[in-house]
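A.B. asks: One file is attached below, target_14.txt, containing compact mmCIF, C-alpha atoms and all ligand atoms.
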```
# COMPACT_ATOMS: atom_id res chain seq x y z
CA MET A 1 -13.93 13.19 -14.70
CA SER A 2 -10.40 12.96 -16.02
CA TRP A 3 -9.58 10.14 -18.43
CA LEU A 4 -7.51 8.50 -15.75
CA GLU A 5 -10.40 8.58 -13.31
CA ARG A 6 -12.62 7.15 -16.01
CA LEU A 7 -10.06 4.47 -16.73
CA ARG A 8 -9.84 3.71 -13.04
CA ASP A 9 -13.62 3.48 -12.86
CA GLY A 10 -13.72 1.16 -15.81
CA LEU A 11 -10.93 -0.98 -14.47
CA GLY A 12 -12.56 -1.06 -11.08
CA LYS A 13 -13.15 -4.77 -10.96
CA THR A 14 -9.76 -5.74 -12.30
CA ARG A 15 -8.13 -3.32 -9.93
CA GLN A 16 -10.09 -4.61 -7.00
CA GLN A 17 -9.00 -8.11 -7.77
CA LEU A 18 -5.37 -7.13 -8.15
CA ASN A 19 -5.53 -4.80 -5.20
CA ASN A 20 -6.93 -7.44 -2.92
CA THR A 21 -4.21 -9.75 -4.04
CA ALA A 22 -1.52 -7.15 -3.60
CA GLY A 23 -2.96 -6.26 -0.21
CA SER A 24 -2.98 -9.81 1.06
CA LEU A 25 0.44 -10.34 -0.43
CA GLY A 26 1.63 -7.27 1.39
CA GLN A 27 0.72 -8.98 4.64
CA ASP A 28 1.93 -12.35 3.51
CA VAL A 29 5.21 -11.19 2.15
CA ARG A 30 7.13 -13.42 4.52
CA ASP A 31 5.05 -16.43 3.48
CA VAL A 32 5.93 -15.90 -0.14
CA PHE A 33 9.61 -15.88 0.55
CA THR A 34 9.43 -18.77 2.94
CA ASN A 35 7.85 -20.87 0.20
CA ARG A 36 4.34 -21.06 1.56
CA LEU A 37 2.87 -20.85 -1.88
CA ASP A 38 -0.78 -20.20 -1.04
CA SER A 39 -0.54 -16.48 -1.68
CA ILE A 40 1.39 -16.93 -4.89
CA GLU A 41 -1.37 -19.18 -6.09
CA ASP A 42 -3.89 -16.51 -5.20
CA LEU A 43 -1.89 -14.05 -7.21
CA GLU A 44 -1.66 -16.42 -10.14
CA TYR A 45 -5.39 -16.90 -10.00
CA ALA A 46 -6.07 -13.17 -9.90
CA LEU A 47 -3.76 -12.49 -12.84
CA ILE A 48 -5.29 -15.20 -14.96
CA ALA A 49 -8.81 -14.08 -14.03
CA ALA A 50 -7.82 -10.60 -15.20
CA ASP A 51 -6.90 -12.07 -18.63
CA VAL A 52 -3.19 -11.53 -18.21
CA GLY A 53 -2.54 -15.00 -19.64
CA ARG A 54 -0.48 -17.93 -18.43
CA ALA A 55 2.92 -17.17 -19.95
CA ALA A 56 2.96 -13.63 -18.63
CA THR A 57 1.63 -14.72 -15.26
CA GLU A 58 4.51 -17.18 -14.90
CA GLU A 59 7.07 -14.53 -15.71
CA ILE A 60 5.45 -12.10 -13.32
CA ILE A 61 5.65 -14.66 -10.52
CA GLU A 62 9.29 -15.35 -11.39
CA ASP A 63 10.09 -11.64 -11.32
CA ILE A 64 8.40 -11.23 -7.96
CA LYS A 65 10.25 -14.16 -6.45
CA LYS A 66 13.52 -12.62 -7.59
CA SER A 67 12.77 -9.25 -6.07
CA GLU A 68 13.40 -10.34 -2.49
CA GLY A 69 13.38 -7.77 0.22
CA GLY A 70 11.42 -5.09 -1.62
CA ASN A 71 7.81 -4.09 -1.25
CA LEU A 72 5.70 -6.77 -2.88
CA GLN A 73 3.16 -4.47 -4.47
CA ASP A 74 5.99 -2.50 -6.05
CA ALA A 75 7.47 -5.73 -7.36
CA LEU A 76 4.12 -6.79 -8.78
CA MET A 77 3.57 -3.42 -10.43
CA ARG A 78 7.04 -3.47 -11.90
CA ALA A 79 6.62 -7.00 -13.24
CA LEU A 80 3.24 -6.12 -14.78
CA THR A 81 4.63 -2.99 -16.39
CA LEU A 82 7.39 -5.06 -18.00
CA GLN A 83 4.77 -7.36 -19.47
CA LEU A 84 3.12 -4.42 -21.19
CA GLU A 85 6.23 -3.73 -23.25
CA PRO A 86 7.29 -5.56 -26.41
CA ASP A 87 10.41 -7.76 -25.98
CA ALA A 88 13.04 -5.28 -27.04
CA ARG A 89 11.74 -2.58 -24.77
CA ARG A 90 11.23 -5.00 -21.92
CA ALA A 91 14.97 -5.66 -21.84
CA GLN A 92 15.65 -1.94 -21.88
CA PHE A 93 13.25 -1.38 -19.01
CA ARG A 94 14.85 -4.05 -16.92
CA GLU A 95 18.10 -2.15 -17.20
CA LEU A 96 17.00 1.45 -17.05
CA GLY A 97 13.84 1.37 -14.98
CA PHE A 98 10.73 3.38 -15.71
CA SER A 99 10.12 7.01 -16.44
CA PRO A 100 7.45 8.72 -18.53
CA ASP A 101 10.15 9.34 -21.14
CA VAL A 102 10.49 5.66 -21.82
CA SER A 103 7.18 4.18 -20.73
CA ARG A 104 5.01 6.39 -22.94
CA SER A 105 4.38 4.92 -26.38
CA LYS A 106 6.03 6.64 -29.33
CA VAL A 107 2.98 7.63 -31.36
CA ASP A 108 4.33 9.77 -34.18
CA PRO A 109 3.60 7.79 -37.35
CA LYS A 110 6.75 6.80 -39.26
CA GLY A 111 5.33 8.09 -42.53
CA HIS A 112 2.14 9.76 -43.68
CA VAL A 113 -0.54 7.11 -44.03
CA VAL A 114 -2.09 5.13 -41.19
CA MET A 115 -4.40 2.30 -42.17
CA VAL A 116 -6.88 1.51 -39.41
CA ILE A 117 -8.29 -2.02 -39.28
CA GLY A 118 -10.39 -4.20 -36.99
CA VAL A 119 -13.77 -5.92 -36.78
CA ASN A 120 -17.09 -4.06 -36.80
CA GLY A 121 -18.01 -2.10 -33.73
CA VAL A 122 -14.60 -2.02 -32.04
CA GLY A 123 -14.36 1.74 -32.53
CA LYS A 124 -12.33 2.26 -35.72
CA THR A 125 -14.25 5.23 -37.06
CA THR A 126 -14.48 6.90 -33.64
CA THR A 127 -10.77 6.28 -33.06
CA ILE A 128 -9.92 7.89 -36.41
CA ALA A 129 -11.83 10.99 -35.31
CA LYS A 130 -9.96 10.98 -32.00
CA LEU A 131 -6.62 10.54 -33.76
CA GLY A 132 -7.46 13.40 -36.09
CA GLN A 133 -8.04 15.71 -33.17
CA TYR A 134 -4.97 14.43 -31.31
CA TYR A 135 -2.54 15.15 -34.14
CA MET A 136 -4.17 18.41 -35.20
CA GLN A 137 -3.75 19.67 -31.65
CA ARG A 138 -0.07 18.89 -32.10
CA GLY A 139 0.25 20.97 -35.24
CA LYS A 140 -0.20 18.29 -37.92
CA SER A 141 -2.48 18.60 -40.91
CA VAL A 142 -4.86 15.66 -41.20
CA MET A 143 -7.10 13.93 -43.76
CA PHE A 144 -9.44 10.96 -43.56
CA ALA A 145 -10.42 8.37 -46.19
CA ALA A 146 -13.79 6.67 -45.69
CA GLY A 147 -12.73 3.19 -46.77
CA ASP A 148 -15.57 1.33 -45.08
CA THR A 149 -17.88 1.26 -48.04
CA PHE A 150 -19.47 -2.01 -46.97
CA ARG A 151 -21.32 -0.83 -43.90
CA ALA A 152 -24.10 1.56 -44.88
CA ALA A 153 -23.59 5.04 -43.42
CA ALA A 154 -20.02 4.39 -42.26
CA GLY A 155 -18.90 7.04 -44.73
CA THR A 156 -21.50 9.44 -43.41
CA GLN A 157 -20.32 8.81 -39.84
CA LEU A 158 -16.74 9.71 -40.76
CA GLY A 159 -18.01 12.66 -42.81
CA VAL A 160 -19.82 14.06 -39.78
CA TRP A 161 -16.65 13.74 -37.67
CA GLY A 162 -14.64 15.40 -40.42
CA GLU A 163 -17.03 18.34 -40.47
CA ARG A 164 -16.97 18.68 -36.69
CA LEU A 165 -13.19 18.59 -36.54
CA GLY A 166 -12.49 20.48 -39.76
CA VAL A 167 -10.79 17.49 -41.39
CA PRO A 168 -11.19 16.84 -45.15
CA VAL A 169 -12.71 13.42 -45.86
CA ILE A 170 -12.23 11.48 -49.09
CA GLN A 171 -15.49 9.62 -49.67
CA GLY A 172 -16.43 6.66 -51.78
CA THR A 173 -19.89 5.39 -52.50
CA ASP A 174 -21.80 2.93 -50.31
CA GLY A 175 -21.09 -0.52 -51.66
CA GLY A 176 -18.30 0.88 -53.84
CA ASP A 177 -14.71 -0.28 -54.04
CA PRO A 178 -12.84 0.42 -50.77
CA ALA A 179 -9.49 0.12 -52.54
CA ALA A 180 -10.51 2.94 -54.86
CA VAL A 181 -11.25 5.21 -51.88
CA ALA A 182 -7.92 4.33 -50.30
CA PHE A 183 -6.13 5.02 -53.58
CA ASP A 184 -7.87 8.39 -53.95
CA GLY A 185 -7.09 9.27 -50.36
CA ALA A 186 -3.41 8.39 -50.60
CA SER A 187 -3.07 10.26 -53.90
CA ALA A 188 -4.84 13.33 -52.52
CA ARG A 189 -2.71 13.36 -49.39
CA LYS A 190 0.44 13.23 -51.45
CA SER A 191 -0.53 15.97 -53.87
CA ARG A 192 -1.80 18.26 -51.10
CA GLY A 193 1.21 17.62 -48.88
CA THR A 194 -1.00 16.85 -45.87
CA ASP A 195 0.96 15.42 -42.95
CA LEU A 196 -1.29 12.50 -42.06
CA LEU A 197 -3.98 10.43 -43.71
CA PHE A 198 -6.06 7.97 -41.69
CA VAL A 199 -7.74 5.30 -43.80
CA ASP A 200 -10.91 3.76 -42.36
CA THR A 201 -11.67 0.20 -43.47
CA ALA A 202 -14.51 -2.30 -43.36
CA GLY A 203 -14.75 -4.62 -40.37
CA ARG A 204 -16.94 -7.19 -41.99
CA LEU A 205 -17.55 -8.45 -45.49
CA HIS A 206 -19.54 -11.42 -46.71
CA ASN A 207 -16.96 -13.70 -45.15
CA LYS A 208 -13.64 -13.56 -43.30
CA HIS A 209 -11.49 -14.55 -46.23
CA ASN A 210 -12.92 -11.71 -48.29
CA LEU A 211 -12.17 -9.20 -45.58
CA MET A 212 -8.52 -10.22 -45.23
CA GLU A 213 -8.04 -10.22 -49.00
CA GLU A 214 -9.70 -6.84 -49.23
CA LEU A 215 -7.41 -5.38 -46.58
CA LYS A 216 -4.35 -6.69 -48.40
CA LYS A 217 -5.62 -5.07 -51.56
CA VAL A 218 -6.25 -1.76 -49.79
CA ARG A 219 -2.70 -1.90 -48.50
CA ARG A 220 -1.30 -2.59 -51.96
CA VAL A 221 -3.14 0.24 -53.68
CA ILE A 222 -2.05 2.74 -51.03
CA ASP A 223 1.53 1.71 -51.80
CA LYS A 224 0.80 2.14 -55.49
CA ALA A 225 -0.50 5.67 -54.94
CA ASP A 226 2.32 6.60 -52.58
CA ALA A 227 5.33 4.27 -52.49
CA GLY A 228 6.25 2.99 -49.03
CA GLU A 229 2.85 3.77 -47.54
CA PRO A 230 0.96 2.92 -45.43
CA ALA A 231 3.83 3.37 -43.00
CA GLU A 232 1.57 2.27 -40.20
CA VAL A 233 -1.21 -0.28 -39.83
CA TRP A 234 -3.01 0.05 -36.54
CA LEU A 235 -5.47 -2.52 -35.30
CA VAL A 236 -8.32 -1.28 -33.17
CA LEU A 237 -9.31 -3.77 -30.48
CA ASP A 238 -12.21 -3.55 -28.09
CA ALA A 239 -10.96 -4.40 -24.57
CA VAL A 240 -14.40 -5.73 -23.65
CA THR A 241 -14.03 -8.63 -26.11
CA GLY A 242 -11.06 -10.02 -24.18
CA GLN A 243 -9.59 -13.28 -25.49
CA ASN A 244 -11.93 -13.34 -28.52
CA GLY A 245 -10.60 -10.00 -29.63
CA LEU A 246 -7.08 -11.29 -29.26
CA GLN A 247 -7.77 -14.27 -31.53
CA GLN A 248 -9.21 -11.91 -34.15
CA ALA A 249 -6.19 -9.67 -33.79
CA LYS A 250 -3.88 -12.56 -34.66
CA LYS A 251 -5.81 -13.22 -37.86
CA PHE A 252 -5.50 -9.60 -38.89
CA HIS A 253 -1.81 -9.55 -38.03
CA GLU A 254 -1.20 -12.59 -40.26
CA SER A 255 -2.78 -11.00 -43.30
CA THR A 256 -1.87 -7.35 -42.77
CA PRO A 257 1.16 -7.00 -40.49
CA LEU A 258 0.46 -4.51 -37.74
CA THR A 259 2.72 -1.75 -36.49
CA GLY A 260 0.53 -0.83 -33.54
CA VAL A 261 -2.64 -1.46 -31.61
CA VAL A 262 -5.25 0.90 -30.21
CA VAL A 263 -7.28 -0.60 -27.38
CA THR A 264 -10.72 0.98 -26.99
CA LYS A 265 -13.46 0.93 -24.34
CA LEU A 266 -11.15 0.62 -21.38
CA ASP A 267 -13.70 2.79 -19.60
CA GLY A 268 -16.16 -0.09 -19.78
CA THR A 269 -14.27 -3.25 -18.92
CA ALA A 270 -13.09 -5.24 -15.97
CA LYS A 271 -10.53 -6.97 -18.15
CA GLY A 272 -7.68 -4.49 -18.32
CA GLY A 273 -5.28 -7.41 -18.09
CA ILE A 274 -6.00 -8.29 -21.73
CA LEU A 275 -3.42 -5.67 -22.71
CA VAL A 276 -0.68 -8.01 -21.58
CA PRO A 277 -1.36 -10.89 -24.03
CA ILE A 278 -2.04 -8.31 -26.74
CA VAL A 279 1.50 -7.05 -26.46
CA ARG A 280 3.10 -10.44 -25.85
CA GLU A 281 1.34 -12.43 -28.51
CA LEU A 282 1.24 -9.84 -31.25
CA GLY A 283 4.63 -8.40 -30.41
CA VAL A 284 3.53 -4.91 -31.39
CA PRO A 285 3.20 -1.91 -29.12
CA ILE A 286 -0.04 -0.45 -27.87
CA LYS A 287 -0.09 3.07 -29.28
CA PHE A 288 -3.21 4.56 -27.75
CA ILE A 289 -6.01 3.63 -25.40
CA GLY A 290 -9.61 4.77 -25.77
CA VAL A 291 -11.48 5.63 -22.59
CA GLY A 292 -14.75 7.10 -23.86
CA GLU A 293 -16.76 8.17 -26.89
CA GLN A 294 -15.59 11.76 -27.25
CA PRO A 295 -12.67 12.93 -29.39
CA ALA A 296 -10.66 13.82 -26.29
CA ASP A 297 -11.05 10.31 -24.85
CA LEU A 298 -7.83 8.99 -26.32
CA GLN A 299 -4.46 8.76 -24.61
CA PRO A 300 -1.04 7.66 -25.78
CA PHE A 301 -0.44 4.41 -23.96
CA ASP A 302 1.94 4.62 -21.02
CA SER A 303 2.65 1.23 -19.44
CA HIS A 304 3.84 2.66 -16.16
CA GLU A 305 0.90 5.01 -15.80
CA PHE A 306 -1.52 2.29 -16.81
CA VAL A 307 -0.34 -0.05 -14.08
CA ARG A 308 -0.44 2.72 -11.52
CA ALA A 309 -4.04 3.43 -12.52
CA LEU A 310 -4.75 -0.27 -12.19
CA PHE A 311 -3.46 -0.22 -8.64
CA ASP A 312 -4.93 3.14 -7.83
CA VAL A 313 -1.53 4.50 -6.93
CA ASP A 314 -0.52 8.12 -7.05
CA ILE A 315 -3.06 9.33 -9.61
CA PRO A 316 -2.20 12.76 -10.98
CA LYS A 317 -4.99 15.33 -11.31
CA GLY A 318 -6.57 16.25 -14.67
N1 LIG B 401 -17.21 3.67 -24.04
C1 LIG B 401 -16.49 3.74 -25.17
N2 LIG B 401 -17.12 3.64 -26.35
C2 LIG B 401 -16.38 3.71 -27.48
C3 LIG B 401 -14.97 3.89 -27.44
N3 LIG B 401 -14.53 3.90 -28.74
C4 LIG B 401 -15.62 3.76 -29.51
N4 LIG B 401 -16.74 3.64 -28.78
C5 LIG B 401 -18.14 3.42 -29.26
O1 LIG B 401 -18.23 2.18 -29.92
C6 LIG B 401 -19.24 2.23 -30.92
C7 LIG B 401 -18.70 1.72 -32.25
O2 LIG B 401 -17.73 2.63 -32.70
P1 LIG B 401 -17.34 2.79 -34.25
O3 LIG B 401 -16.26 3.80 -34.31
O4 LIG B 401 -18.54 3.03 -35.08
O5 LIG B 401 -16.77 1.32 -34.54
P2 LIG B 401 -16.27 0.70 -35.94
O6 LIG B 401 -17.37 -0.17 -36.43
O7 LIG B 401 -15.06 -0.10 -35.62
O8 LIG B 401 -15.96 1.84 -36.85
C8 LIG B 401 -19.70 3.67 -30.98
O9 LIG B 401 -20.90 3.79 -30.25
C9 LIG B 401 -18.58 4.44 -30.28
O10 LIG B 401 -19.03 5.63 -29.69
C10 LIG B 401 -14.33 3.97 -26.16
O11 LIG B 401 -13.10 4.10 -26.01
N5 LIG B 401 -15.15 3.90 -25.06
MG MG B 402 -16.67 2.30 -38.72
```
Show how you would write the structure in this file as structure tokens.

C.D. replies:
Amino acid sequence: MSWLERLRDGLGKTRQQLNNTAGSLGQDVRDVFTNRLDSIEDLEYALIAADVGRAATEEIIEDIKKSEGGNLQDALMRALTLQLEPDARRAQFRELGFSPDVSRSKVDPKGHVVMVIGVNGVGKTTTIAKLGQYYMQRGKSVMFAAGDTFRAAAGTQLGVWGERLGVPVIQGTDGGDPAAVAFDGASARKSRGTDLLFVDTAGRLHNKHNLMEELKKVRRVIDKADAGEPAEVWLVLDAVTGQNGLQQAKKFHESTPLTGVVVTKLDGTAKGGILVPIVRELGVPIKFIGVGEQPADLQPFDSHEFVRALFDVDIPKG
């Protein structure tokens, strides 16, 4: 199965809901433009049920009402795609339209160190392995730092991935100081001249406040070891957790400002719509999506392609 097929499978329920809506809207296109609002309400309901959120849903409806004359499913897909782009890019899209050149996320890190954060179980460590493979396949040298010293065996898990992928891993000790591991990792990356370092972090400590403070500290010591780094802080978010995940994401963003989001487990959720409030409310781009447990199951996010997968339109092979 290709990742897109797997994504389509996973999004099946969401897609069905949206598809039904789009289908009925297709037939009811005249009703919509003659102000019989039943079908618009159906659409609103479907969008909200898919976790798209109220603000975005309202804008989508507005956009659709403005796009008189055109095919309604196209209008809906276009409006949804716009909602998957941060503000600045949304304006650009409105002007220039979509193409893979502009709708695919820019994923090359701005510097050398990417700090990866998020709650336990969302897929941080797995995502780091996937990212390692992704960038190595594109000619970059890669290192990992096993900064989750709180969860027993998290270091081992990253170590195993490192061995499988041929990526050096800077390890700490279980229960040791995560900031020390991050410092060692950032220093080692700098002295070795490795292109990219991914720093794993804990997703849970004794309490929330501790975790946020710890992450700030990790960030500070990386900067101390290598001024200006980490250039990127990516939050990993499990799509299955829906609105809860979004609330957590906001907390993380407040304490450690994010430069990107990776949404995992899109192969296992009916709530693909959650990507919309993620982008809108955090205001940061989705960099990658995870669609499985293997290193290859990671794709740079492409808003246009994502919406087409959602609607089961024109799926390319492979
Ligand atoms: N189906 C699916 N499972 C995933 C994905 N990403 C991670 N996982 C699984 O989620 C579980 C937790 O992942 P892990 O990387 O240990 O999470 P962490 O606690 O945030 O480091 C593991 O069983 C992973 O294989 C994904 O995109 N799809
Ligand atoms: Mg982990």

A.B. asks: Which residues of chain A have any atom within 6 Å of an atom in ligand LIG 401 (chain B) when counting all atoms listed in the file, and what is the closest pair of atoms for each, with the distance in Å to one decimal? Order the rows by chain and rising number and write it as a tab-separated table.

C.D. replies:
```
residue	atom	partner	partner_atom	distance
A:Asn120	CA	B:LIG401	O6	3.9
A:Gly121	CA	B:LIG401	O6	3.4
A:Val122	CA	B:LIG401	O7	4.1
A:Gly123	CA	B:LIG401	O5	3.2
A:Lys124	CA	B:LIG401	O7	3.6
A:Thr125	CA	B:LIG401	O3	3.7
A:Thr126	CA	B:LIG401	O3	3.6
A:Thr264	CA	B:LIG401	O11	4.0
A:Lys265	CA	B:LIG401	N5	3.5
A:Asp267	CA	B:LIG401	N1	5.7
A:Gly268	CA	B:LIG401	N1	5.8
A:Gly290	CA	B:LIG401	O11	3.6
A:Val291	CA	B:LIG401	O11	4.1
A:Gly292	CA	B:LIG401	N5	3.4
A:Glu293	CA	B:LIG401	O10	4.4
```

A.B. asks: Write out, as CSV, each residue of chain A that has an atom at most 10 Å from ligand MG 402 (chain B), together with the closest pair of atoms and their distance in Å to one decimal, counting only C-alpha atoms and all ligand atoms, rows going by chain and rising number.

C.D. replies:
```
residue,atom,partner,partner_atom,distance
A:Val116,CA,B:MG402,MG,9.8
A:Ile117,CA,B:MG402,MG,9.4
A:Gly118,CA,B:MG402,MG,9.2
A:Val119,CA,B:MG402,MG,8.9
A:Asn120,CA,B:MG402,MG,6.7
A:Gly121,CA,B:MG402,MG,6.8
A:Val122,CA,B:MG402,MG,8.2
A:Gly123,CA,B:MG402,MG,6.6
A:Lys124,CA,B:MG402,MG,5.3
A:Thr125,CA,B:MG402,MG,4.1
A:Thr126,CA,B:MG402,MG,7.2
A:Thr127,CA,B:MG402,MG,9.1
A:Ile128,CA,B:MG402,MG,9.1
A:Ala146,CA,B:MG402,MG,8.7
A:Gly147,CA,B:MG402,MG,9.0
A:Asp148,CA,B:MG402,MG,6.5
A:Thr149,CA,B:MG402,MG,9.5
A:Phe150,CA,B:MG402,MG,9.7
A:Arg151,CA,B:MG402,MG,7.6
A:Ala152,CA,B:MG402,MG,9.7
A:Ala153,CA,B:MG402,MG,8.8
A:Ala154,CA,B:MG402,MG,5.3
A:Gly155,CA,B:MG402,MG,8.0
A:Thr156,CA,B:MG402,MG,9.8
A:Gln157,CA,B:MG402,MG,7.5
A:Leu158,CA,B:MG402,MG,7.7
A:Asp200,CA,B:MG402,MG,7.0
A:Thr201,CA,B:MG402,MG,7.2
A:Ala202,CA,B:MG402,MG,6.9
A:Gly203,CA,B:MG402,MG,7.4
```

A.B. asks: Kindly export the residues of the current selection with C-alpha atoms, as a PDB file, in the frame of the given file.

C.D. replies:
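To be explicit, this is the file written out as out-v4.pdb:
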```pdb
ATOM      1  CA  VAL A 116      -6.880   1.510 -39.410  1.00  0.00           C
ATOM      2  CA  ILE A 117      -8.290  -2.020 -39.280  1.00  0.00           C
ATOM      3  CA  GLY A 118     -10.390  -4.200 -36.990  1.00  0.00           C
ATOM      4  CA  VAL A 119     -13.770  -5.920 -36.780  1.00  0.00           C
ATOM      5  CA  ASN A 120     -17.090  -4.060 -36.800  1.00  0.00           C
ATOM      6  CA  GLY A 121     -18.010  -2.100 -33.730  1.00  0.00           C
ATOM      7  CA  VAL A 122     -14.600  -2.020 -32.040  1.00  0.00           C
ATOM      8  CA  GLY A 123     -14.360   1.740 -32.530  1.00  0.00           C
ATOM      9  CA  LYS A 124     -12.330   2.260 -35.720  1.00  0.00           C
ATOM     10  CA  THR A 125     -14.250   5.230 -37.060  1.00  0.00           C
ATOM     11  CA  THR A 126     -14.480   6.900 -33.640  1.00  0.00           C
ATOM     12  CA  THR A 127     -10.770   6.280 -33.060  1.00  0.00           C
ATOM     13  CA  ILE A 128      -9.920   7.890 -36.410  1.00  0.00           C
ATOM     14  CA  ALA A 146     -13.790   6.670 -45.690  1.00  0.00           C
ATOM     15  CA  GLY A 147     -12.730   3.190 -46.770  1.00  0.00           C
ATOM     16  CA  ASP A 148     -15.570   1.330 -45.080  1.00  0.00           C
ATOM     17  CA  THR A 149     -17.880   1.260 -48.040  1.00  0.00           C
ATOM     18  CA  PHE A 150     -19.470  -2.010 -46.970  1.00  0.00           C
ATOM     19  CA  ARG A 151     -21.320  -0.830 -43.900  1.00  0.00           C
ATOM     20  CA  ALA A 152     -24.100   1.560 -44.880  1.00  0.00           C
ATOM     21  CA  ALA A 153     -23.590   5.040 -43.420  1.00  0.00           C
ATOM     22  CA  ALA A 154     -20.020   4.390 -42.260  1.00  0.00           C
ATOM     23  CA  GLY A 155     -18.900   7.040 -44.730  1.00  0.00           C
ATOM     24  CA  THR A 156     -21.500   9.440 -43.410  1.00  0.00           C
ATOM     25  CA  GLN A 157     -20.320   8.810 -39.840  1.00  0.00           C
ATOM     26  CA  LEU A 158     -16.740   9.710 -40.760  1.00  0.00           C
ATOM     27  CA  ASP A 200     -10.910   3.760 -42.360  1.00  0.00           C
ATOM     28  CA  THR A 201     -11.670   0.200 -43.470  1.00  0.00           C
ATOM     29  CA  ALA A 202     -14.510  -2.300 -43.360  1.00  0.00           C
ATOM     30  CA  GLY A 203     -14.750  -4.620 -40.370  1.00  0.00           C
TER      31      GLY A 203
END
```

A.B. asks: What gap, in Å, lies between CA of Glu58 (chain A) and CA of Phe288 (chain A)?

C.D. replies: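 Separation between CA of Glu58 (chain A) and CA of Phe288 (chain A): 26.4 Å.
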
A.B. asks: Neighbouring residues of region 83-92 of chain A were defined as those with any atom within 9 Å, considering only C-alpha atoms; residues of the same chain fewer than 4 positions away were excluded. Please report them as a list in words.

C.D. replies: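 Here the qualifying residues turn out to be Ala56, Glu59, Ile60, Arg78, Ala79, Leu96, Gly97, Val102, Ser103, Leu275, Val276, Pro277, Ile278, Val279, Arg280, Leu282, Gly283, Val284, Pro285, Ile286, Ser303 and His304 of chain A.
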
A.B. asks: Which residue out of A:Leu215, A:Ala239, A:Ala129, A:Val169 has the minimum interatomic distance to Arg189 (chain A) when only C-alpha atoms are used?

C.D. replies: A:Val169

A.B. asks: For Met212 (chain A), list every protein, DNA or RNA residue within 12 Å, evaluated using only C-alpha atoms, and leave out those in the same chain fewer than 2 positions away; present the list as a VMD selection string.

C.D. replies: chain A and resid 117 to 119 201 to 210 214 to 219 248 to 257

A.B. asks: Give me, please, the distance in Å between CA of Val236 (chain A) and CA of Lys190 (chain A), quoted to one decimal.

C.D. replies: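 According to the coordinates, CA of Val236 (chain A) and CA of Lys190 (chain A) are separated by 24.9 Å.
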
A.B. asks: At what distance in Å, to one decimal, does CA of Phe301 (chain A) lie from CA of Leu43 (chain A)?

C.D. replies: 25.0 Å

A.B. asks: Looking at A:Arg94, A:Arg164, A:Ala145, A:Arg220, which one is nearest to Asp184 (chain A), with distances taken over all atoms listed in the file?

C.D. replies: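 Of the candidates, the smallest distance to Asp184 (chain A) is held by A:Ala145.
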
A.B. asks: Which of these residues is nearest to Glu62 (chain A), using only C-alpha atoms: A:Gln243, A:His112, A:Glu44, A:Asp74?

C.D. replies: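 Closest to Glu62 (chain A) of all the choices is A:Glu44.
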